[in-house]
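Below is data23.cif, holding mmCIF, C-alpha atoms.
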data_entry
#
loop_
_atom_site.label_atom_id
_atom_site.label_comp_id
_atom_site.auth_asym_id
_atom_site.auth_seq_id
_atom_site.Cartn_x
_atom_site.Cartn_y
_atom_site.Cartn_z
CA MET W 1 127.77 65.85 110.35
CA HIS W 2 126.02 67.28 107.28
CA LEU W 3 124.74 70.82 106.81
CA HIS W 4 121.05 71.48 107.36
CA ASP W 5 118.83 72.99 104.64
CA GLY W 6 118.92 76.48 106.09
CA GLU W 7 122.71 76.52 105.99
CA LEU W 8 122.80 75.23 102.42
CA GLN W 9 120.21 77.82 101.38
CA GLY W 10 122.26 80.52 103.09
CA LEU W 11 125.32 79.42 101.12
CA LEU W 12 123.37 79.44 97.87
CA ASP W 13 122.04 82.92 98.59
CA ARG W 14 125.45 84.16 99.78
CA GLU W 15 123.82 85.42 102.94
CA LEU W 16 126.11 83.96 105.59
CA GLY W 17 129.49 85.61 105.27
CA GLY W 18 132.47 85.60 107.61
CA SER W 19 133.89 82.59 109.39
CA GLU W 20 130.56 80.74 109.35
CA GLU W 21 130.50 80.69 105.55
CA GLU W 22 134.16 79.65 105.41
CA SER W 23 133.64 76.65 107.65
CA LEU W 24 130.45 75.56 105.86
CA ARG W 25 132.13 75.84 102.45
CA ALA W 26 135.05 73.82 103.77
CA HIS W 27 132.60 71.04 104.65
CA VAL W 28 130.80 71.19 101.29
CA ALA W 29 134.18 70.96 99.50
CA VAL W 30 134.68 67.46 100.89
CA CYS W 31 131.08 66.20 101.20
CA GLU W 32 129.49 64.79 98.06
CA GLN W 33 126.14 64.38 99.78
CA CYS W 34 125.91 68.06 100.72
CA VAL W 35 127.06 69.08 97.25
CA ALA W 36 124.28 66.97 95.73
CA ARG W 37 121.67 68.46 98.06
CA MET W 38 122.91 71.95 97.33
CA LYS W 39 122.66 71.36 93.59
CA ALA W 40 119.12 70.00 93.97
CA MET W 41 118.11 73.01 96.07
CA LYS W 42 119.60 75.39 93.53
CA SER W 43 117.72 73.68 90.72
CA ALA W 44 114.43 73.69 92.69
CA PHE W 45 114.82 77.37 93.49
CA ARG W 46 115.48 78.25 89.83
CA GLU W 47 112.56 76.15 88.65
CA THR W 48 110.27 77.75 91.25
CA GLY W 49 111.29 81.18 90.00
CA GLN W 50 110.35 80.22 86.46
CA LEU W 51 106.98 78.83 87.55
CA LEU W 52 106.16 81.94 89.57
CA THR W 53 106.35 84.08 86.41
CA ALA W 54 103.12 82.36 85.31
CA LEU W 55 101.33 84.52 87.89
CA ASP W 56 102.65 87.83 86.63
CA ALA W 57 100.54 90.59 85.15
CA SER W 58 101.40 93.95 83.62
CA PRO W 59 102.10 96.58 86.27
CA PRO W 60 99.72 99.56 86.40
CA ALA W 61 100.68 102.64 84.44
CA MET W 62 101.43 104.80 87.44
CA SER W 63 104.03 107.51 87.90
CA ALA W 64 105.61 108.96 91.01
CA ASP W 65 103.93 112.28 90.15
CA GLN W 66 100.50 110.69 90.22
CA LEU W 67 101.17 109.11 93.62
CA ILE W 68 102.45 112.41 94.98
CA GLU W 69 99.28 114.10 93.75
CA ILE W 70 97.13 111.48 95.46
CA ALA W 71 99.08 111.89 98.69
CA GLN W 72 98.72 115.67 98.58
CA ARG W 73 94.96 115.68 98.19
CA ARG W 74 94.39 112.87 100.64
CA HIS W 75 92.53 113.68 103.82
CA ILE W 76 93.61 111.93 106.94
CA PRO W 77 91.03 110.47 109.28
CA ALA W 78 90.81 112.36 112.52
CA ARG W 79 90.85 109.86 115.31
CA ARG W 80 89.01 110.52 118.56
CA THR W 81 90.36 113.84 119.76
CA PRO W 82 91.29 114.59 123.35
CA ARG W 83 88.80 117.52 123.28
CA GLY W 84 85.84 115.23 124.01
CA ILE W 85 87.71 113.53 126.80
CA ALA W 86 88.73 116.89 128.32
CA TRP W 87 85.13 118.13 128.10
CA ALA W 88 83.82 115.01 129.86
CA ALA W 89 86.50 115.30 132.54
CA SER W 90 85.57 118.94 133.19
CA VAL W 91 81.86 118.13 133.61
CA ALA W 92 82.68 115.15 135.85
CA GLY W 93 84.98 117.34 137.97
CA LEU W 94 82.28 120.00 138.38
CA VAL W 95 79.67 117.43 139.39
CA ILE W 96 82.02 115.83 141.94
CA ALA W 97 82.95 119.25 143.39
CA THR W 98 79.25 120.19 143.72
CA VAL W 99 78.33 116.90 145.41
CA VAL W 100 81.24 117.20 147.85
CA ALA W 101 80.40 120.81 148.66
CA ALA W 102 76.70 120.00 149.11
CA ALA W 103 77.58 117.23 151.53
CA ILE W 104 79.28 119.65 153.97
CA PRO W 105 76.74 120.77 156.64
CA GLY W 106 76.25 124.53 156.61
CA SER W 107 78.02 125.11 153.31
CA PRO W 108 76.41 127.71 150.96
CA VAL W 109 76.36 125.15 148.16
CA ARG W 110 74.35 122.77 150.37
CA THR W 111 71.82 125.54 151.06
CA ILE W 112 71.50 126.38 147.36
CA VAL W 113 71.05 122.74 146.40
CA GLN W 114 68.45 122.19 149.15
CA ASN W 115 66.48 125.28 148.07
CA LEU W 116 66.65 124.21 144.44
CA LEU W 117 65.43 120.69 145.18
CA GLU W 118 62.54 122.04 147.32
CA GLU W 119 61.49 124.41 144.52
CA LEU W 120 61.62 121.76 141.87
CA GLY W 121 60.00 118.98 143.90
CA PRO W 122 60.69 115.33 143.28
CA GLU W 123 58.32 115.09 140.30
CA SER W 124 59.74 117.99 138.34
CA PHE W 125 63.39 116.97 138.66
CA GLU W 126 64.44 115.69 135.27
CA PRO W 127 68.18 115.85 134.69
CA ILE W 128 68.97 116.73 131.10
CA ALA W 129 71.83 114.73 129.67
CA PRO W 130 73.88 116.75 127.20
CA ALA W 131 74.01 115.19 123.74
CA GLU W 132 77.32 113.52 123.14
CA PRO W 133 79.22 115.50 120.51
CA TRP W 134 80.11 114.12 117.10
CA ASP W 135 83.85 113.78 117.14
CA ALA W 136 85.78 111.01 115.39
CA GLN W 137 85.56 111.51 111.68
CA ALA W 138 87.02 110.46 108.35
CA GLY W 139 86.87 112.38 105.10
CA VAL W 140 87.74 111.97 101.46
CA ALA W 141 88.06 114.87 99.03
CA MET W 142 85.91 114.14 95.99
CA THR W 143 85.87 115.46 92.48
CA PRO W 144 82.46 116.11 90.91
CA ASP W 145 81.20 112.94 89.23
CA GLY W 146 83.60 110.83 91.33
CA ALA W 147 82.56 107.62 93.08
CA ILE W 148 82.61 106.71 96.75
CA GLU W 149 82.09 103.43 98.58
CA ILE W 150 81.56 103.39 102.33
CA VAL W 151 81.85 99.98 103.92
CA PHE W 152 80.91 99.16 107.49
CA GLU W 153 82.78 96.00 108.42
CA ALA W 154 79.93 94.60 110.49
CA ALA W 155 76.31 95.07 111.49
CA GLN W 156 75.88 96.52 114.98
CA SER W 157 73.52 95.64 117.82
CA SER W 158 72.73 99.35 118.34
CA GLY W 159 73.44 102.76 116.87
CA SER W 160 72.24 104.39 113.68
CA ILE W 161 73.38 105.82 110.36
CA GLU W 162 72.28 109.19 109.04
CA VAL W 163 73.13 110.17 105.49
CA GLN W 164 72.86 113.67 104.07
CA LEU W 165 73.41 114.47 100.41
CA VAL W 166 74.52 118.07 100.18
CA GLU W 167 76.52 120.44 98.00
CA THR W 168 80.06 119.71 99.17
CA ASP W 169 83.28 118.28 97.81
CA ILE W 170 84.09 116.13 100.82
CA ALA W 171 82.61 112.76 101.70
CA ARG W 172 82.71 112.67 105.48
CA ILE W 173 81.72 110.36 108.30
CA GLU W 174 81.29 111.60 111.85
CA VAL W 175 80.96 109.24 114.76
CA ARG W 176 79.72 109.38 118.30
CA GLY W 177 79.19 106.93 121.09
CA ASP W 178 82.18 104.68 120.50
CA SER W 179 85.78 104.70 119.37
CA ILE W 180 86.03 103.79 115.68
CA GLY W 181 88.91 103.42 113.25
CA PHE W 182 88.82 104.10 109.54
CA ALA W 183 90.76 102.92 106.52
CA VAL W 184 90.56 105.68 103.96
CA GLY W 185 91.25 105.15 100.27
CA ASP W 186 90.88 107.47 97.30
CA ARG W 187 87.34 106.39 96.66
CA SER W 188 86.44 104.50 99.78
CA ILE W 189 86.10 104.67 103.52
CA GLN W 190 86.22 101.44 105.47
CA VAL W 191 84.59 101.77 108.91
CA GLU W 192 86.24 99.40 111.38
CA ASN W 193 83.16 98.89 113.53
CA GLN W 194 83.47 95.30 114.72
CA ASN W 195 81.60 95.06 118.07
CA ALA W 196 80.94 98.81 118.06
CA THR W 197 77.81 100.62 119.27
CA ALA W 198 78.46 104.00 117.63
CA SER W 199 76.13 106.17 115.59
CA TYR W 200 77.30 107.69 112.32
CA ARG W 201 76.50 110.88 110.43
CA ILE W 202 77.56 110.66 106.79
CA THR W 203 77.70 113.76 104.63
CA LEU W 204 78.12 113.09 100.92
CA PRO W 205 78.41 115.25 97.83
CA ASP W 206 75.08 115.11 95.98
CA ASN W 207 76.72 115.17 92.54
CA LEU W 208 78.74 111.95 92.55
CA SER W 209 78.46 109.46 89.71
CA GLN W 210 78.20 106.57 92.16
CA THR W 211 77.56 106.31 95.88
CA VAL W 212 77.51 102.94 97.62
CA ILE W 213 77.09 102.18 101.32
CA ARG W 214 77.52 98.62 102.50
CA VAL W 215 77.28 96.81 105.82
CA GLY W 216 79.48 93.76 105.43
CA MET W 217 78.56 92.28 102.06
CA ARG W 218 75.05 93.81 102.09
CA THR W 219 74.47 96.95 100.05
CA ILE W 220 72.11 99.20 101.99
CA PHE W 221 72.34 102.24 99.75
CA ALA W 222 73.36 102.68 96.11
CA LYS W 223 72.94 105.77 93.99
CA GLN W 224 74.05 106.26 90.41
CA GLY W 225 73.92 109.87 89.32
CA SER W 226 70.59 111.13 90.60
CA ARG W 227 69.03 107.66 90.49
CA VAL W 228 68.71 105.77 93.80
CA LEU W 229 69.09 102.09 92.97
CA GLN W 230 69.02 100.62 96.44
CA ASN W 231 67.83 102.17 99.68
CA GLU W 232 67.12 100.59 103.04
CA PHE W 233 67.00 103.97 104.82
CA ASP W 234 63.98 106.03 105.87
CA ARG W 235 64.06 109.02 103.56
CA ASP W 236 63.23 112.61 104.43
CA GLY W 237 64.11 114.85 101.47
CA GLU W 238 67.86 114.50 100.96
CA SER W 239 68.35 112.99 104.44
CA TYR W 240 68.31 109.28 105.10
CA ARG W 241 68.24 107.51 108.46
CA LEU W 242 68.65 103.85 109.37
CA ALA W 243 68.84 102.13 112.75
CA PHE W 244 71.19 99.15 112.85
CA MET Q 245 85.91 119.71 110.43
CA SER Q 246 88.15 117.45 108.46
CA GLU Q 247 91.55 119.02 107.90
CA ARG Q 248 93.56 118.87 104.71
CA ARG Q 249 96.90 117.40 105.56
CA ASP Q 250 99.86 119.42 104.37
CA VAL Q 251 101.99 116.77 102.73
CA LYS Q 252 103.99 118.97 100.42
CA GLN Q 253 107.49 117.76 101.02
CA ASP Q 254 110.90 119.30 100.54
CA GLU Q 255 112.79 118.70 97.32
CA PRO Q 256 115.47 116.27 98.58
CA PHE Q 257 112.77 114.03 99.98
CA GLU Q 258 110.74 114.20 96.76
CA ARG Q 259 113.82 113.26 94.75
CA ALA Q 260 114.54 110.35 97.08
CA PHE Q 261 110.89 109.28 96.91
CA ARG Q 262 110.99 109.29 93.10
CA ASP Q 263 114.17 107.21 93.14
CA VAL Q 264 112.57 104.66 95.46
CA PHE Q 265 109.48 104.59 93.25
CA GLU Q 266 111.50 103.99 90.09
CA ALA Q 267 113.59 101.29 91.78
CA TRP Q 268 110.90 99.34 93.60
CA PHE Q 269 107.36 100.02 92.44
CA GLN Q 270 107.21 97.32 89.78
CA SER Q 271 108.89 94.78 92.02
CA LEU Q 272 106.46 95.54 94.85
CA PHE Q 273 103.49 95.23 92.49
CA ARG Q 274 104.79 91.90 91.16
CA TYR Q 275 105.28 90.57 94.69
CA VAL Q 276 101.80 91.61 95.87
CA ASN Q 277 100.18 90.34 92.68
CA ARG Q 278 101.80 86.95 93.11
CA LEU Q 279 100.68 86.93 96.72
CA CYS Q 280 97.07 88.00 96.27
CA GLY Q 281 96.35 86.71 92.75
CA ASP Q 282 94.43 89.80 91.73
CA PRO Q 283 96.22 92.49 89.68
CA ALA Q 284 93.69 95.21 90.56
CA THR Q 285 94.06 94.61 94.30
CA ALA Q 286 97.84 94.39 93.91
CA ALA Q 287 97.90 97.72 92.09
CA ASP Q 288 95.82 99.35 94.83
CA ILE Q 289 98.06 97.93 97.56
CA ALA Q 290 101.32 98.91 95.86
CA GLN Q 291 100.05 102.42 95.16
CA GLU Q 292 98.71 102.87 98.67
CA SER Q 293 102.03 101.75 100.15
CA PHE Q 294 103.89 104.41 98.16
CA VAL Q 295 101.32 107.08 99.02
CA ARG Q 296 101.88 106.32 102.69
CA LEU Q 297 105.62 106.46 102.19
CA TYR Q 298 105.25 109.93 100.71
CA GLN Q 299 102.95 111.04 103.50
CA ARG Q 300 105.57 109.88 105.99
CA GLY Q 301 107.73 112.81 104.93
CA GLU Q 302 111.05 111.04 105.30
CA LEU Q 303 112.45 107.74 104.13
CA PRO Q 304 112.74 104.96 106.70
CA ASP Q 305 116.10 103.24 107.28
CA ASP Q 306 115.16 100.46 104.91
CA PRO Q 307 112.50 101.76 102.47
CA ARG Q 308 112.18 98.45 100.68
CA ALA Q 309 111.44 96.48 103.84
CA TRP Q 310 109.15 99.29 105.07
CA LEU Q 311 107.15 99.23 101.83
CA VAL Q 312 106.70 95.49 101.88
CA THR Q 313 105.66 95.58 105.54
CA VAL Q 314 102.96 98.14 104.72
CA SER Q 315 101.89 96.09 101.70
CA ASN Q 316 101.68 92.94 103.79
CA ASN Q 317 99.46 94.73 106.30
CA LEU Q 318 97.23 96.08 103.54
CA PHE Q 319 97.07 92.63 101.96
CA ARG Q 320 96.05 91.12 105.31
CA ASP Q 321 93.28 93.71 105.71
CA ALA Q 322 92.10 93.31 102.13
CA HIS Q 323 92.16 89.54 102.45
CA ARG Q 324 90.13 89.70 105.65
CA ARG Q 325 87.56 92.02 104.07
CA THR Q 326 87.19 90.26 100.75
CA GLY Q 327 87.98 86.66 101.65
CA ARG Q 328 84.58 85.49 100.55
CA ARG Q 329 84.86 87.29 97.22
CA ARG Q 330 88.39 86.16 96.55
CA GLU Q 331 87.71 83.12 94.43
CA LEU Q 332 85.37 85.14 92.27
CA LEU Q 333 87.95 87.88 91.85
CA GLU Q 334 90.65 85.39 90.99
CA ALA Q 335 88.49 83.72 88.38
CA LYS Q 336 87.69 87.10 86.85
CA ALA Q 337 91.33 88.20 86.93
CA ASP Q 338 92.37 84.96 85.30
CA ARG Q 339 89.89 85.40 82.48
CA LEU Q 340 91.09 88.93 81.82
CA TYR Q 341 94.67 87.77 81.87
CA ASP Q 342 93.97 84.87 79.56
CA GLU Q 343 92.59 87.12 76.85
CA THR Q 344 96.03 88.62 76.28
CA GLY Q 345 97.48 85.48 74.65
CA SER Q 346 97.21 84.64 70.95
CA ASP Q 347 97.29 80.88 70.35
CA PRO Q 348 94.27 79.21 72.04
CA VAL Q 349 96.28 76.06 72.88
CA GLU Q 350 99.10 78.09 74.35
CA ARG Q 351 96.58 80.14 76.30
CA LEU Q 352 95.00 77.01 77.67
CA GLU Q 353 98.35 75.56 78.72
CA ALA Q 354 99.41 78.86 80.28
CA ASP Q 355 96.12 79.03 82.15
CA GLU Q 356 96.53 75.47 83.47
CA ARG Q 357 100.10 76.20 84.57
CA LYS Q 358 98.98 79.37 86.27
CA GLN Q 359 96.22 77.59 88.15
CA ARG Q 360 98.62 74.89 89.30
CA VAL Q 361 101.18 77.43 90.45
CA ARG Q 362 98.55 79.37 92.35
CA LYS Q 363 97.15 76.27 93.99
CA ALA Q 364 100.61 75.00 94.88
CA LEU Q 365 101.46 78.36 96.42
CA ALA Q 366 98.21 78.33 98.36
CA THR Q 367 99.22 75.11 100.12
CA LEU Q 368 101.93 77.09 101.95
CA SER Q 369 101.29 79.23 105.01
CA VAL Q 370 101.04 82.95 104.22
CA ARG Q 371 104.40 83.57 105.89
CA ASP Q 372 106.10 80.86 103.83
CA GLN Q 373 104.53 82.29 100.67
CA GLN Q 374 105.74 85.76 101.58
CA ALA Q 375 109.29 84.58 102.34
CA LEU Q 376 109.48 82.61 99.09
CA LEU Q 377 108.08 85.41 96.94
CA LEU Q 378 110.24 88.07 98.56
CA ARG Q 379 113.38 86.03 98.01
CA HIS Q 380 112.44 85.63 94.37
CA GLU Q 381 112.16 89.42 94.18
CA GLY Q 382 115.74 89.63 95.40
CA TYR Q 383 115.07 90.72 98.98
CA THR Q 384 117.92 90.03 101.36
CA TYR Q 385 117.50 87.86 104.43
CA ARG Q 386 117.64 90.99 106.59
CA GLU Q 387 114.85 92.67 104.59
CA ILE Q 388 112.73 89.51 104.69
CA ALA Q 389 113.28 89.17 108.43
CA ARG Q 390 112.21 92.78 108.99
CA ALA Q 391 109.20 92.55 106.73
CA LEU Q 392 107.94 89.32 108.29
CA ASP Q 393 109.03 90.10 111.86
CA TYR Q 394 111.07 86.91 111.85
CA GLY Q 395 114.55 86.03 113.07
CA GLU Q 396 117.14 86.66 110.36
CA ALA Q 397 118.97 83.44 111.25
CA GLY Q 398 115.87 81.39 110.36
CA VAL Q 399 115.16 82.94 106.96
CA GLY Q 400 117.31 80.47 104.99
CA LYS Q 401 115.47 77.55 106.53
CA LEU Q 402 112.13 79.24 105.86
CA ILE Q 403 112.97 79.67 102.17
CA SER Q 404 114.29 76.14 101.69
CA ARG Q 405 111.21 74.70 103.40
CA ALA Q 406 108.86 76.86 101.33
CA THR Q 407 110.64 75.94 98.09
CA ARG Q 408 110.45 72.24 98.87
CA ALA Q 409 106.77 72.40 99.85
CA PHE Q 410 105.90 74.42 96.75
CA GLN Q 411 107.74 71.99 94.45
CA ARG Q 412 106.08 69.00 96.05
CA ALA Q 413 102.61 70.49 95.78
CA TYR Q 414 103.19 71.55 92.17
CA GLU Q 415 104.44 68.11 91.15
CA GLU Q 416 101.43 66.46 92.80
CA MET Q 417 99.14 68.69 90.76
CA VAL Q 418 100.98 67.89 87.55
CA ASP Q 419 100.76 64.16 88.35
CA ALA Q 420 97.05 64.45 89.15
CA SER Q 421 96.33 66.14 85.81
CA THR Q 422 98.11 63.52 83.66
#

Can you dump the structure from the file as structure tokens?
Amino acid sequence: MHLHDGELQGLLDRELGGSEEESLRAHVAVCEQCVARMKAMKSAFRETGQLLTALDASPPAMSADQLIEIAQRRHIPARRTPRGIAWAASVAGLVIATVVAAAIPGSPVRTIVQNLLEELGPESFEPIAPAEPWDAQAGVAMTPDGAIEIVFEAAQSSGSIEVQLVETDIARIEVRGDSIGFAVGDRSIQVENQNATASYRITLPDNLSQTVIRVGMRTIFAKQGSRVLQNEFDRDGESYRLAF
Amino acid sequence: MSERRDVKQDEPFERAFRDVFEAWFQSLFRYVNRLCGDPATAADIAQESFVRLYQRGELPDDPRAWLVTVSNNLFRDAHRRTGRRRELLEAKADRLYDETGSDPVERLEADERKQRVRKALATLSVRDQQALLLRHEGYTYREIARALDYGEAGVGKLISRATRAFQRAYEEMVDAST
């Protein structure tokens, strides 16, 4: 019974150890076929290593200090906070309590609700839905004249994007209407919006050297200095709005 | 409001972080560059992995395996995002790389060898590529198993299979070009 390739490789890499290695080496010591295979594998591995160096490039000139500095000025994306969920739960609880109380014959709440409905009449009753708050957000601290690229992974079937160019040092995206993830780099924010229906409010420093917003591979907004090179938004002063 | 994260770490951690950086940054960059074929992307991924390690505030049990796991995830995301641009990036990266040589004939031969190596590597599954490249960076079977979420007992077989497949593909390309 000869050794299989994984065992021979393990012997070559000295990764087996213990009694397993002892017994396998004992077999190799008396088996010319396994010795020959092991030699061929060793040679192939060495040759592969030499070939792989053809792919190598010079490493970037980067120090630990530079990486520490990047980490220290990095903003983390704030995922959907529980505040919005708590707020919605409170409103839902209040509505349920009111409905239950109004359903009890003779209860003061029922009387108040009846009087209110009579005063308003059926035509004038227009429930006002509170606007959903902006909550999930991602931000990147920018230096003046820096560059930012915001990339939406996909086009959406609904939702909108608002962009405001203001005097700030933080490029920020706020989201409402859906749960969205972000991948934040030094000069980029990737919006993970596959199958999402959210709306986005983007606030950007107005003094960046380059601002690019893309949806998939399509550039929908590009600004270099004060020059707008590409714009698919409706513009109103320094505000831009685009429905998906 | 977006909050600035306080990532100032204590001195022992910073010292340990610097040691890990000195020991493994170049190796991680080389691994990712071989995997993705684009030095700029590899630099971004290696740097981002170390930034995340620093932000973690403490070293994991096996920093080397942790770093390569993060890099693999970043590579997967980058590959998914830029898949359609990849060939273009590779061609551009190759041209930049080629300009560093001196003798035109040597440059041409080096370029052909590089293309063959890359194509041969691309015939392997991503996991086989990762196992092969990690082993050539000196990662242990345990580190490879952790990084690839694979059984440690199967790593030797994975590497031998990947080596054989790579050699076969490379030889076919050499034969086809002569």

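Put simply, CA of Ala287 in chain Q is 25.3 Å away from CA of Ala406 in chain Q.
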
Specify as a PyMOL selection string all residues of chain W found within 6 Å of chain Q, counting all atoms listed in the file. chain W and resi 5-6+9-10+54-55+64+67+71-72+75

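When CA of Glu7 in chain W is paired with CA of Thr313 in chain Q, their separation reads 25.6 Å.
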
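Proximity of Q:Glu396, Q:Glu416, Q:Glu387, Q:Val349 to Pro307 in chain Q, computed with all atoms listed in the file, is greatest for Q:Glu387.
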
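Take CA of Ala364 in chain Q and CA of Ala413 in chain Q: the distance between them is 5.0 Å.
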
Might I get the box with edges along x, y and z of the file that holds all atoms of range 55-66 of chain W listed there, padded by 3 Å on every side, given as centre and edge lengths in Å to one decimal, as lines of an AutoDock Vina configuration file?
center_x = 102.7
center_y = 98.4
center_z = 87.3
size_x = 11.9
size_y = 33.8
size_z = 13.4

Could you list, as a ChimeraX atom specification, every residue within 10 Å of Lys42 in chain W, counting all atoms listed in the file and ignoring same-chain residues fewer than 3 positions away? /W:8-9,12-13,36-39,45-48 /Q:404

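If you measure from each of Q:Thr285, Q:Arg351, Q:Arg390, Q:Gly301 to Ile68 in chain W using only C-alpha atoms, the closest one turns out to be Q:Gly301.
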
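You can rank W:Asp236, W:Glu149, W:Glu15, W:Glu20 by their closest distance to Val184 in chain W using all atoms listed in the file, and at the top of that list sits W:Glu149.
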
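The result of the PyMOL selection byres ((chain W and resi 225) around 7) on the shown file is Asn207, Leu208, Ser209, Gln210, Lys223, Gln224, Ser226 and Arg227 of chain W.
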
Export, as a tab-separated table (two decimals), in the frame of the given file, the selected residues with C-alpha atoms.
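Saved the output as part-v8.tsv:
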chain	number	residue	atom	x	y	z
W	207	ASN	CA	76.72	115.17	92.54
W	208	LEU	CA	78.74	111.95	92.55
W	209	SER	CA	78.46	109.46	89.71
W	210	GLN	CA	78.20	106.57	92.16
W	223	LYS	CA	72.94	105.77	93.99
W	224	GLN	CA	74.05	106.26	90.41
W	226	SER	CA	70.59	111.13	90.60
W	227	ARG	CA	69.03	107.66	90.49
